[in-house]
>>> print(open('final.pdb').read())   # PDB, C-alpha atoms, pLDDT in the B column
ATOM      1  CA  MET A   1      -8.987   9.279   1.889  1.00 79.00           C
ATOM      2  CA  GLU A   2     -10.526  12.496   3.066  1.00 77.00           C
ATOM      3  CA  PRO A   3     -14.268  12.318   2.322  1.00 73.00           C
ATOM      4  CA  ASP A   4     -14.563  16.082   1.879  1.00 80.00           C
ATOM      5  CA  ASN A   5     -11.416  16.414  -0.231  1.00 83.00           C
ATOM      6  CA  PRO A   6     -10.821  13.636  -2.780  1.00 88.00           C
ATOM      7  CA  LEU A   7      -8.190  15.597  -4.754  1.00 91.00           C
ATOM      8  CA  LEU A   8      -5.221  13.404  -3.764  1.00 88.00           C
ATOM      9  CA  ASP A   9      -7.217  10.237  -4.415  1.00 92.00           C
ATOM     10  CA  ASP A  10      -8.336  11.562  -7.814  1.00 94.00           C
ATOM     11  CA  PHE A  11      -4.762  12.432  -8.738  1.00 94.00           C
ATOM     12  CA  VAL A  12      -3.399   9.052  -7.673  1.00 93.00           C
ATOM     13  CA  LEU A  13      -6.078   7.247  -9.666  1.00 96.00           C
ATOM     14  CA  SER A  14      -5.261   9.369 -12.726  1.00 96.00           C
ATOM     15  CA  LEU A  15      -1.654   8.102 -12.631  1.00 95.00           C
ATOM     16  CA  SER A  16      -2.700   4.477 -13.053  1.00 96.00           C
ATOM     17  CA  ARG A  17      -1.794   2.689 -16.257  1.00 93.00           C
ATOM     18  CA  ARG A  18      -5.189   0.921 -16.235  1.00 95.00           C
ATOM     19  CA  HIS A  19      -8.726   2.137 -15.693  1.00 95.00           C
ATOM     20  CA  PRO A  20     -10.356   1.082 -13.546  1.00 97.00           C
ATOM     21  CA  ALA A  21      -7.195   0.934 -11.493  1.00 97.00           C
ATOM     22  CA  ARG A  22      -6.398  -1.905  -9.143  1.00 98.00           C
ATOM     23  CA  VAL A  23      -5.664  -0.079  -5.893  1.00 97.00           C
ATOM     24  CA  CYS A  24      -4.166  -1.897  -2.927  1.00 97.00           C
ATOM     25  CA  PHE A  25      -4.319  -0.372   0.547  1.00 97.00           C
ATOM     26  CA  VAL A  26      -1.438  -1.256   2.898  1.00 96.00           C
ATOM     27  CA  PRO A  27      -2.431  -0.412   6.503  1.00 95.00           C
ATOM     28  CA  THR A  28       0.698  -1.830   8.196  1.00 93.00           C
ATOM     29  CA  ALA A  29       1.562   1.420  10.001  1.00 93.00           C
ATOM     30  CA  SER A  30      -1.807   1.299  11.795  1.00 94.00           C
ATOM     31  CA  ALA A  31      -1.369  -2.381  12.754  1.00 92.00           C
ATOM     32  CA  ASP A  32      -3.825  -3.318   9.979  1.00 93.00           C
ATOM     33  CA  SER A  33      -6.637  -1.380  11.641  1.00 94.00           C
ATOM     34  CA  ALA A  34     -10.015  -2.778  10.564  1.00 93.00           C
ATOM     35  CA  THR A  35     -11.562   0.684  10.869  1.00 94.00           C
ATOM     36  CA  TYR A  36      -8.907   2.156   8.577  1.00 94.00           C
ATOM     37  CA  ILE A  37      -9.451  -0.625   6.037  1.00 95.00           C
ATOM     38  CA  VAL A  38     -13.207   0.073   6.028  1.00 94.00           C
ATOM     39  CA  THR A  39     -12.473   3.786   5.496  1.00 94.00           C
ATOM     40  CA  PHE A  40     -10.336   2.886   2.469  1.00 95.00           C
ATOM     41  CA  TYR A  41     -13.053   0.730   0.917  1.00 95.00           C
ATOM     42  CA  ARG A  42     -15.644   3.452   1.484  1.00 93.00           C
ATOM     43  CA  ALA A  43     -13.411   6.039  -0.183  1.00 93.00           C
ATOM     44  CA  PHE A  44     -12.401   3.918  -3.177  1.00 95.00           C
ATOM     45  CA  SER A  45     -15.264   1.496  -3.910  1.00 94.00           C
ATOM     46  CA  GLY A  46     -16.941   2.364  -7.184  1.00 94.00           C
ATOM     47  CA  ARG A  47     -13.896   4.362  -8.321  1.00 95.00           C
ATOM     48  CA  CYS A  48     -11.452   1.499  -8.813  1.00 97.00           C
ATOM     49  CA  LEU A  49     -10.900  -2.170  -7.986  1.00 97.00           C
ATOM     50  CA  PRO A  50      -9.897  -1.904  -4.312  1.00 97.00           C
ATOM     51  CA  THR A  51      -8.078  -4.528  -2.284  1.00 97.00           C
ATOM     52  CA  ASP A  52      -5.863  -4.577   0.785  1.00 96.00           C
ATOM     53  CA  LEU A  53      -2.588  -6.136   1.860  1.00 97.00           C
ATOM     54  CA  THR A  54      -2.320  -7.054   5.519  1.00 95.00           C
ATOM     55  CA  LEU A  55       0.598  -8.539   7.432  1.00 93.00           C
ATOM     56  CA  PHE A  56      -0.841  -9.036  10.921  1.00 88.00           C
ATOM     57  CA  ASP A  57      -2.347 -12.385  11.811  1.00 81.00           C
ATOM     58  CA  SER A  58      -5.693 -11.551  13.353  1.00 81.00           C
ATOM     59  CA  PRO A  59      -8.802 -13.600  14.075  1.00 80.00           C
ATOM     60  CA  LEU A  60     -10.845 -10.632  12.831  1.00 79.00           C
ATOM     61  CA  LEU A  61      -9.119 -10.103   9.475  1.00 80.00           C
ATOM     62  CA  THR A  62      -8.076 -12.593   6.849  1.00 83.00           C
ATOM     63  CA  ARG A  63      -4.451 -11.903   5.980  1.00 86.00           C
ATOM     64  CA  ARG A  64      -3.974 -10.996   2.311  1.00 85.00           C
ATOM     65  CA  PRO A  65      -2.034 -12.480   0.746  1.00 92.00           C
ATOM     66  CA  ALA A  66      -2.004 -15.493   3.041  1.00 89.00           C
ATOM     67  CA  ARG A  67       1.786 -16.007   2.862  1.00 91.00           C
ATOM     68  CA  SER A  68       4.773 -13.687   2.590  1.00 91.00           C
ATOM     69  CA  SER A  69       6.001 -15.785  -0.350  1.00 93.00           C
ATOM     70  CA  GLU A  70       2.929 -14.556  -2.286  1.00 95.00           C
ATOM     71  CA  LEU A  71       3.630 -10.835  -1.768  1.00 96.00           C
ATOM     72  CA  ALA A  72       5.546 -10.230  -5.011  1.00 97.00           C
ATOM     73  CA  THR A  73       2.838 -11.766  -7.186  1.00 97.00           C
ATOM     74  CA  PHE A  74       0.053 -10.021  -5.280  1.00 97.00           C
ATOM     75  CA  VAL A  75       1.737  -6.592  -5.517  1.00 98.00           C
ATOM     76  CA  ALA A  76       2.628  -7.051  -9.203  1.00 98.00           C
ATOM     77  CA  GLU A  77      -1.089  -7.419  -9.991  1.00 97.00           C
ATOM     78  CA  GLN A  78      -1.810  -3.912  -8.649  1.00 98.00           C
ATOM     79  CA  ASP A  79      -1.691  -0.532 -10.397  1.00 98.00           C
ATOM     80  CA  VAL A  80      -1.531   1.631  -7.277  1.00 96.00           C
ATOM     81  CA  ILE A  81      -0.217   0.907  -3.786  1.00 96.00           C
ATOM     82  CA  TYR A  82      -1.755   3.262  -1.214  1.00 95.00           C
ATOM     83  CA  VAL A  83       0.051   3.101   2.134  1.00 94.00           C
ATOM     84  CA  GLY A  84      -1.819   4.255   5.218  1.00 93.00           C
ATOM     85  CA  GLY A  85      -0.544   6.350   8.087  1.00 92.00           C
ATOM     86  CA  GLY A  86       0.487   5.340  11.582  1.00 91.00           C
ATOM     87  CA  SER A  87       3.819   4.244  13.010  1.00 90.00           C
ATOM     88  CA  PRO A  88       6.693   4.357  10.495  1.00 89.00           C
ATOM     89  CA  ALA A  89       8.874   2.233  12.806  1.00 88.00           C
ATOM     90  CA  ASN A  90       6.225  -0.491  12.949  1.00 87.00           C
ATOM     91  CA  LEU A  91       5.718  -0.301   9.208  1.00 90.00           C
ATOM     92  CA  LEU A  92       9.412  -0.585   8.333  1.00 89.00           C
ATOM     93  CA  ALA A  93      10.080  -3.395  10.799  1.00 91.00           C
ATOM     94  CA  LEU A  94       7.249  -5.532   9.450  1.00 93.00           C
ATOM     95  CA  TRP A  95       7.986  -4.754   5.815  1.00 93.00           C
ATOM     96  CA  ARG A  96      11.601  -5.835   6.291  1.00 93.00           C
ATOM     97  CA  VAL A  97      10.640  -9.061   8.084  1.00 94.00           C
ATOM     98  CA  HIS A  98       8.276 -10.012   5.255  1.00 95.00           C
ATOM     99  CA  GLY A  99      10.415  -8.634   2.415  1.00 95.00           C
ATOM    100  CA  LEU A 100       7.730  -6.139   1.421  1.00 95.00           C
ATOM    101  CA  ASP A 101      10.245  -3.273   1.282  1.00 92.00           C
ATOM    102  CA  VAL A 102      12.079  -5.037  -1.565  1.00 94.00           C
ATOM    103  CA  VAL A 103       8.822  -6.029  -3.275  1.00 96.00           C
ATOM    104  CA  LEU A 104       7.564  -2.428  -3.254  1.00 94.00           C
ATOM    105  CA  ARG A 105      10.839  -1.063  -4.580  1.00 93.00           C
ATOM    106  CA  GLU A 106      10.582  -3.546  -7.474  1.00 95.00           C
ATOM    107  CA  ALA A 107       6.932  -2.624  -8.033  1.00 95.00           C
ATOM    108  CA  TRP A 108       7.826   1.061  -8.316  1.00 93.00           C
ATOM    109  CA  SER A 109      10.592   0.179 -10.791  1.00 94.00           C
ATOM    110  CA  ASN A 110       7.968  -1.619 -12.866  1.00 96.00           C
ATOM    111  CA  GLY A 111       5.616   1.356 -13.032  1.00 94.00           C
ATOM    112  CA  ILE A 112       3.262   0.699 -10.136  1.00 95.00           C
ATOM    113  CA  VAL A 113       2.229   3.978  -8.489  1.00 94.00           C
ATOM    114  CA  LEU A 114       3.214   4.304  -4.817  1.00 93.00           C
ATOM    115  CA  SER A 115       1.226   6.736  -2.726  1.00 91.00           C
ATOM    116  CA  GLY A 116       0.017   7.204   0.802  1.00 88.00           C
ATOM    117  CA  VAL A 117      -0.608   9.503   3.701  1.00 86.00           C
ATOM    118  CA  SER A 118       1.431  10.430   6.753  1.00 84.00           C
ATOM    119  CA  ALA A 119       3.823   7.577   7.607  1.00 74.00           C
ATOM    120  CA  GLY A 120       2.661   5.818   4.450  1.00 73.00           C
ATOM    121  CA  TRP A 121       3.749   8.675   2.236  1.00 71.00           C
ATOM    122  CA  SER A 122       7.104   9.252   3.904  1.00 69.00           C
ATOM    123  CA  VAL A 123       8.058   5.589   3.791  1.00 59.00           C
ATOM    124  CA  GLY A 124       6.324   4.679   0.545  1.00 55.00           C
ATOM    125  CA  SER A 125       7.931   7.554  -1.323  1.00 56.00           C
ATOM    126  CA  ALA A 126      11.357   6.377  -0.191  1.00 53.00           C
ATOM    127  CA  ALA A 127      11.020   3.325  -2.441  1.00 53.00           C
ATOM    128  CA  GLY A 128      11.376   5.543  -5.460  1.00 46.00           C
ATOM    129  CA  SER A 129      13.981   7.879  -4.068  1.00 46.00           C
ATOM    130  CA  PRO A 130      17.608   7.016  -4.730  1.00 39.00           C
ATOM    131  CA  THR A 131      18.602   9.010  -1.646  1.00 38.00           C
ATOM    132  CA  HIS A 132      16.531   6.785   0.637  1.00 40.00           C
ATOM    133  CA  THR A 133      17.009   3.371  -0.947  1.00 38.00           C
ATOM    134  CA  ALA A 134      20.145   2.546   1.009  1.00 40.00           C
ATOM    135  CA  ASP A 135      18.348   3.275   4.286  1.00 45.00           C
ATOM    136  CA  TRP A 136      15.953   0.391   3.630  1.00 40.00           C
ATOM    137  CA  ASN A 137      18.750  -2.139   4.078  1.00 44.00           C
ATOM    138  CA  ASP A 138      20.213  -0.898   7.360  1.00 43.00           C
TER     139      ASP A 138
END
>>> encode(input="final.pdb", output="structure tokens")
Amino acid sequence: MEPDNPLLDDFVLSLSRRHPARVCFVPTASADSATYIVTFYRAFSGRCLPTDLTLFDSPLLTRRPARSSELATFVAEQDVIYVGGGSPANLLALWRVHGLDVVLREAWSNGIVLSGVSAGWSVGSAAGSPTHTADWND
């Protein structure tokens, strides 16, 4: 999501099985920062069908999906999951509480592209890496 360098975004979109791709931004590592979510929509609107997945209950943001029990269905509807940067510890703790770590591993197994930046890349890429999978269940 670098405005002056869209190469990573272009590449990620090219990996999608559908065009326009359904791209879901997961800003958990930044505590679902509203500013970060706006940046995502600015970078991806008009290039795909953007949405976001938030886990924090905030009066300023509507949580999507509304319940953790809806995560698997919501994620399965996406073509690309784009995980934002921030705190990997925060991200992993919340994903585990809500079961999103398991949902994302299943999504990757079903052909959904996982991508991200900073903490999002290091943690998101672990879903597809056999060497990291065991660490998710510590």
>>> resolve_selection(input="final.pdb", expression="the PyMOL selection byres ((chain A and resi 100-110) around 8)", output="PDB file with C-alpha atoms, keeping the file's coordinate frame")
ATOM      1  CA  LEU A  71       3.630 -10.835  -1.768  1.00 96.00           C
ATOM      2  CA  ALA A  72       5.546 -10.230  -5.011  1.00 97.00           C
ATOM      3  CA  VAL A  75       1.737  -6.592  -5.517  1.00 98.00           C
ATOM      4  CA  ALA A  76       2.628  -7.051  -9.203  1.00 98.00           C
ATOM      5  CA  LEU A  92       9.412  -0.585   8.333  1.00 89.00           C
ATOM      6  CA  TRP A  95       7.986  -4.754   5.815  1.00 93.00           C
ATOM      7  CA  ARG A  96      11.601  -5.835   6.291  1.00 93.00           C
ATOM      8  CA  VAL A  97      10.640  -9.061   8.084  1.00 94.00           C
ATOM      9  CA  HIS A  98       8.276 -10.012   5.255  1.00 95.00           C
ATOM     10  CA  GLY A  99      10.415  -8.634   2.415  1.00 95.00           C
ATOM     11  CA  GLY A 111       5.616   1.356 -13.032  1.00 94.00           C
ATOM     12  CA  ILE A 112       3.262   0.699 -10.136  1.00 95.00           C
ATOM     13  CA  VAL A 113       2.229   3.978  -8.489  1.00 94.00           C
ATOM     14  CA  LEU A 114       3.214   4.304  -4.817  1.00 93.00           C
ATOM     15  CA  ALA A 127      11.020   3.325  -2.441  1.00 53.00           C
ATOM     16  CA  GLY A 128      11.376   5.543  -5.460  1.00 46.00           C
ATOM     17  CA  TRP A 136      15.953   0.391   3.630  1.00 40.00           C
TER      18      TRP A 136
END
>>> atom_distance(input="final.pdb", atom1="CA of Asp32 (chain A)", atom2="CA of Gly120 (chain A)")
12.5 Å
>>> closest_residue(input="final.pdb", among="A:Phe11, A:Ser118, A:Ser87, A:Pro50", to="Ser33 (chain A)", atoms="only C-alpha atoms")
A:Ser87
>>> atom_distance(input="final.pdb", atom1="CA of Pro3 (chain A)", atom2="CA of Pro65 (chain A)")
27.7 Å
>>> resolve_selection(input="final.pdb", expression="the PyMOL selection byres ((chain A and resi 41) around 12)", output="list in words")
Met1, Pro3, Val23, Cys24, Phe25, Val26, Ala34, Thr35, Tyr36, Ile37, Val38, Thr39, Phe40, Arg42, Ala43, Phe44, Ser45, Gly46, Arg47, Cys48, Leu49, Pro50, Thr51, Asp52 and Tyr82 of chain A
>>> write_last_selection(input="final.pdb", atoms="C-alpha atoms", output="PDB file, in the frame of the given file")
ATOM      1  CA  MET A   1      -8.987   9.279   1.889  1.00 79.00           C
ATOM      2  CA  PRO A   3     -14.268  12.318   2.322  1.00 73.00           C
ATOM      3  CA  VAL A  23      -5.664  -0.079  -5.893  1.00 97.00           C
ATOM      4  CA  CYS A  24      -4.166  -1.897  -2.927  1.00 97.00           C
ATOM      5  CA  PHE A  25      -4.319  -0.372   0.547  1.00 97.00           C
ATOM      6  CA  VAL A  26      -1.438  -1.256   2.898  1.00 96.00           C
ATOM      7  CA  ALA A  34     -10.015  -2.778  10.564  1.00 93.00           C
ATOM      8  CA  THR A  35     -11.562   0.684  10.869  1.00 94.00           C
ATOM      9  CA  TYR A  36      -8.907   2.156   8.577  1.00 94.00           C
ATOM     10  CA  ILE A  37      -9.451  -0.625   6.037  1.00 95.00           C
ATOM     11  CA  VAL A  38     -13.207   0.073   6.028  1.00 94.00           C
ATOM     12  CA  THR A  39     -12.473   3.786   5.496  1.00 94.00           C
ATOM     13  CA  PHE A  40     -10.336   2.886   2.469  1.00 95.00           C
ATOM     14  CA  ARG A  42     -15.644   3.452   1.484  1.00 93.00           C
ATOM     15  CA  ALA A  43     -13.411   6.039  -0.183  1.00 93.00           C
ATOM     16  CA  PHE A  44     -12.401   3.918  -3.177  1.00 95.00           C
ATOM     17  CA  SER A  45     -15.264   1.496  -3.910  1.00 94.00           C
ATOM     18  CA  GLY A  46     -16.941   2.364  -7.184  1.00 94.00           C
ATOM     19  CA  ARG A  47     -13.896   4.362  -8.321  1.00 95.00           C
ATOM     20  CA  CYS A  48     -11.452   1.499  -8.813  1.00 97.00           C
ATOM     21  CA  LEU A  49     -10.900  -2.170  -7.986  1.00 97.00           C
ATOM     22  CA  PRO A  50      -9.897  -1.904  -4.312  1.00 97.00           C
ATOM     23  CA  THR A  51      -8.078  -4.528  -2.284  1.00 97.00           C
ATOM     24  CA  ASP A  52      -5.863  -4.577   0.785  1.00 96.00           C
ATOM     25  CA  TYR A  82      -1.755   3.262  -1.214  1.00 95.00           C
TER      26      TYR A  82
END
>>> decode(input="final.pdb", residues="region 41-59 of chain A", atoms="N, CA and C atoms", output="compact mmCIF listing (two decimals), in the first residue's frame")
# COMPACT_ATOMS: atom_id res chain seq x y z
N TYR A 41 -8.29 1.32 1.64
CA TYR A 41 -9.36 1.60 0.66
C TYR A 41 -8.90 2.56 -0.42
N ARG A 42 -8.10 3.54 -0.07
CA ARG A 42 -7.57 4.47 -1.07
C ARG A 42 -6.65 3.76 -2.06
N ALA A 43 -5.86 2.83 -1.56
CA ALA A 43 -4.91 2.11 -2.41
C ALA A 43 -5.59 1.09 -3.32
N PHE A 44 -6.67 0.48 -2.85
CA PHE A 44 -7.27 -0.63 -3.58
C PHE A 44 -8.61 -0.35 -4.26
N SER A 45 -9.30 0.70 -3.89
CA SER A 45 -10.59 1.01 -4.53
C SER A 45 -10.38 1.25 -6.02
N GLY A 46 -11.27 0.69 -6.81
CA GLY A 46 -11.16 0.81 -8.26
C GLY A 46 -10.28 -0.26 -8.89
N ARG A 47 -9.53 -0.99 -8.07
CA ARG A 47 -8.64 -2.04 -8.59
C ARG A 47 -9.14 -3.42 -8.25
N CYS A 48 -10.07 -3.49 -7.29
CA CYS A 48 -10.58 -4.77 -6.81
C CYS A 48 -11.88 -4.50 -6.04
N LEU A 49 -12.39 -5.51 -5.36
CA LEU A 49 -13.54 -5.35 -4.50
C LEU A 49 -13.02 -5.39 -3.07
N PRO A 50 -12.69 -4.23 -2.49
CA PRO A 50 -12.05 -4.20 -1.17
C PRO A 50 -13.06 -4.33 -0.02
N THR A 51 -12.60 -4.96 1.03
CA THR A 51 -13.35 -5.04 2.28
C THR A 51 -12.34 -5.13 3.41
N ASP A 52 -12.82 -5.15 4.64
CA ASP A 52 -11.91 -5.28 5.77
C ASP A 52 -12.50 -6.20 6.81
N LEU A 53 -11.62 -6.78 7.61
CA LEU A 53 -12.00 -7.68 8.69
C LEU A 53 -11.42 -7.10 9.97
N THR A 54 -12.29 -6.70 10.88
CA THR A 54 -11.83 -6.10 12.13
C THR A 54 -12.28 -6.94 13.31
N LEU A 55 -11.47 -6.96 14.35
CA LEU A 55 -11.77 -7.75 15.54
C LEU A 55 -12.02 -6.92 16.79
N PHE A 56 -11.62 -5.64 16.76
CA PHE A 56 -11.81 -4.78 17.92
C PHE A 56 -13.23 -4.24 17.93
N ASP A 57 -13.83 -4.19 19.09
CA ASP A 57 -15.13 -3.55 19.25
C ASP A 57 -14.88 -2.08 19.51
N SER A 58 -15.32 -1.24 18.59
CA SER A 58 -15.06 0.18 18.69
C SER A 58 -16.32 0.95 18.33
N PRO A 59 -16.59 2.04 19.04
CA PRO A 59 -17.75 2.85 18.67
C PRO A 59 -17.55 3.57 17.33
